[in-house]
Amino acid sequence: MPRNIEIKARVEDIQALTAKVTAIADRGPIEIIQDDTFFACDSGRLKLRTFSTVEGELIFYRRNDQAGPKESFYLRSPTPAPDTMREALSLAYGQIGRVQKRRTLFFVGRTRVHLDRVSGLGNFLELEIPLEEREPFDAGLREAHALMARLFVDPSQLIEGAYLDLLASARTSP
């Protein structure tokens with residue numbers, strides 16, 4: 001199963017961070033609108049990511065919810081019919097939430113740098129460093145820490161879970 005190292009961090013000034021990322025990026029920006037629907041899944045997380053009415057992908061992933069860089073195992077399957085896929089999965093497993101965001105994607109070397117504007121939550125940075133099959137976790141970890149330093153991301157900005165968890169927490173907070 002493919003794997004990567006990833007971090008998520010809250011961002012106060014998205015314009016300032018965009019300028020920093022633009023200065024070091026090899027490619028980008030690429031603007032992407034994403035609508036992620038999550039389904040009940042006991043062995044990890046299962047989401048359908050919709051880009052348009054004719055383009056989406058089903059994504060299963062498993063990772064520890066911890067602040068800081070974490071290893072994520074994932075499997076992606078494209079679909080040309082995301083609306084009917086959402087309906088089928090909702091009937092079969094039940095929806096547990098939805099996350100809508102506008103993502104600006106950059107590449108710094110092999111690292112995918114996401115600047116996310118998440119509806120109902122605010123702005124975030126996500127780094128995804130894909131690992132080769134036998135590449136050690138520590139290699140990706142070093143790369144994540146180096147990029148965090150270049151972008152002046154403080155460890156206090158890091159978040160543990162998924163956007164879905166933050167939205168659920170925001171709904172239950174007074």
# chains A, B, ... in the order shown; residues from 1 in each chain; ligands from 1
$ select_by_dssp --residues "chain A" --states "helix (DSSP H, G or I)" --output "JSON, numbers by chain"
{"A": [14, 15, 16, 17, 18, 19, 20, 21, 22, 23, 24, 82, 83, 84, 85, 86, 87, 88, 89, 90, 91, 92, 93, 137, 138, 139, 140, 141, 142, 143, 144, 145, 146, 147, 148, 149, 150, 155, 156, 157, 163, 164, 165, 166, 167, 168, 169, 170, 171, 172]}
$ residues_around --residues "Phe107 (chain A)" --least-positions-apart "3" --cutoff "7 Å" --atoms "only C-alpha atoms" --output "ChimeraX atom specification"
/A:25-28,110-113
$ write_last_selection --atoms "N, CA and C atoms" --output "PDB file, in the first residue's frame"
ATOM      1  N   ALA A  25       8.786  26.842  -4.492  1.00  0.00           N
ATOM      2  CA  ALA A  25       8.107  25.768  -5.225  1.00  0.00           C
ATOM      3  C   ALA A  25       8.730  25.504  -6.593  1.00  0.00           C
ATOM      4  N   ASP A  26       8.740  24.226  -6.985  1.00  0.00           N
ATOM      5  CA  ASP A  26       9.162  23.820  -8.318  1.00  0.00           C
ATOM      6  C   ASP A  26       7.996  23.926  -9.307  1.00  0.00           C
ATOM      7  N   ARG A  27       6.775  23.667  -8.814  1.00  0.00           N
ATOM      8  CA  ARG A  27       5.568  23.720  -9.636  1.00  0.00           C
ATOM      9  C   ARG A  27       4.414  24.248  -8.813  1.00  0.00           C
ATOM     10  N   GLY A  28       3.447  24.850  -9.517  1.00  0.00           N
ATOM     11  CA  GLY A  28       2.253  25.381  -8.870  1.00  0.00           C
ATOM     12  C   GLY A  28       2.239  26.876  -9.017  1.00  0.00           C
ATOM     13  N   ARG A 110       9.626  16.492  -4.224  1.00  0.00           N
ATOM     14  CA  ARG A 110       8.567  15.483  -4.297  1.00  0.00           C
ATOM     15  C   ARG A 110       7.402  15.779  -3.353  1.00  0.00           C
ATOM     16  N   THR A 111       7.558  16.785  -2.517  1.00  0.00           N
ATOM     17  CA  THR A 111       6.544  17.097  -1.510  1.00  0.00           C
ATOM     18  C   THR A 111       5.386  17.884  -2.112  1.00  0.00           C
ATOM     19  N   ARG A 112       4.189  17.397  -1.816  1.00  0.00           N
ATOM     20  CA  ARG A 112       2.967  18.121  -2.177  1.00  0.00           C
ATOM     21  C   ARG A 112       2.674  19.096  -1.036  1.00  0.00           C
ATOM     22  N   VAL A 113       2.621  20.376  -1.358  1.00  0.00           N
ATOM     23  CA  VAL A 113       2.317  21.412  -0.372  1.00  0.00           C
ATOM     24  C   VAL A 113       0.904  21.900  -0.663  1.00  0.00           C
TER      25      VAL A 113
END
$ residues_around --residues "Ala139 (chain A)" --least-positions-apart "2" --cutoff "12 Å" --atoms "only C-alpha atoms" --output "mmCIF file with C-alpha atoms, in the first residue's frame"
data_model
loop_
_atom_site.group_PDB
_atom_site.id
_atom_site.type_symbol
_atom_site.label_atom_id
_atom_site.label_comp_id
_atom_site.auth_asym_id
_atom_site.auth_seq_id
_atom_site.Cartn_x
_atom_site.Cartn_y
_atom_site.Cartn_z
ATOM 1 C CA ASN A 4 3.539 9.120 2.880
ATOM 2 C CA ILE A 5 4.554 11.366 5.732
ATOM 3 C CA PRO A 69 4.628 14.358 11.088
ATOM 4 C CA GLU A 71 2.932 8.057 8.490
ATOM 5 C CA ILE A 129 5.942 13.511 1.363
ATOM 6 C CA PRO A 130 5.489 10.270 -0.618
ATOM 7 C CA LEU A 131 7.815 7.470 0.430
ATOM 8 C CA GLU A 132 9.317 4.813 -1.802
ATOM 9 C CA ARG A 134 11.387 0.506 1.284
ATOM 10 C CA GLU A 135 12.260 4.075 2.196
ATOM 11 C CA PRO A 136 12.491 4.555 5.967
ATOM 12 C CA PHE A 137 10.026 6.739 7.834
ATOM 13 C CA LEU A 141 10.408 12.861 8.668
ATOM 14 C CA ARG A 142 13.653 14.782 8.044
ATOM 15 C CA GLU A 143 12.192 16.204 4.846
ATOM 16 C CA ALA A 144 9.009 17.301 6.665
ATOM 17 C CA HIS A 145 10.982 19.011 9.443
ATOM 18 C CA ALA A 146 13.259 20.770 6.956
#
$ select_by_dssp --residues "chain A" --states "strand (DSSP E or B)" --output "count of residues only"
81
$ closest_residue --among "A:Arg10, A:Arg3, A:His114, A:Arg45" --to "Thr22 (chain A)" --atoms "only C-alpha atoms"
A:His114
$ closest_residue --among "A:Asp165, A:Leu48, A:Asp65, A:Val99" --to "Pro78 (chain A)" --atoms "only C-alpha atoms"
A:Leu48
$ closest_residue --among "A:Leu164, A:Ala9, A:Met1, A:Pro155" --to "Leu46 (chain A)" --atoms "only C-alpha atoms"
A:Leu164
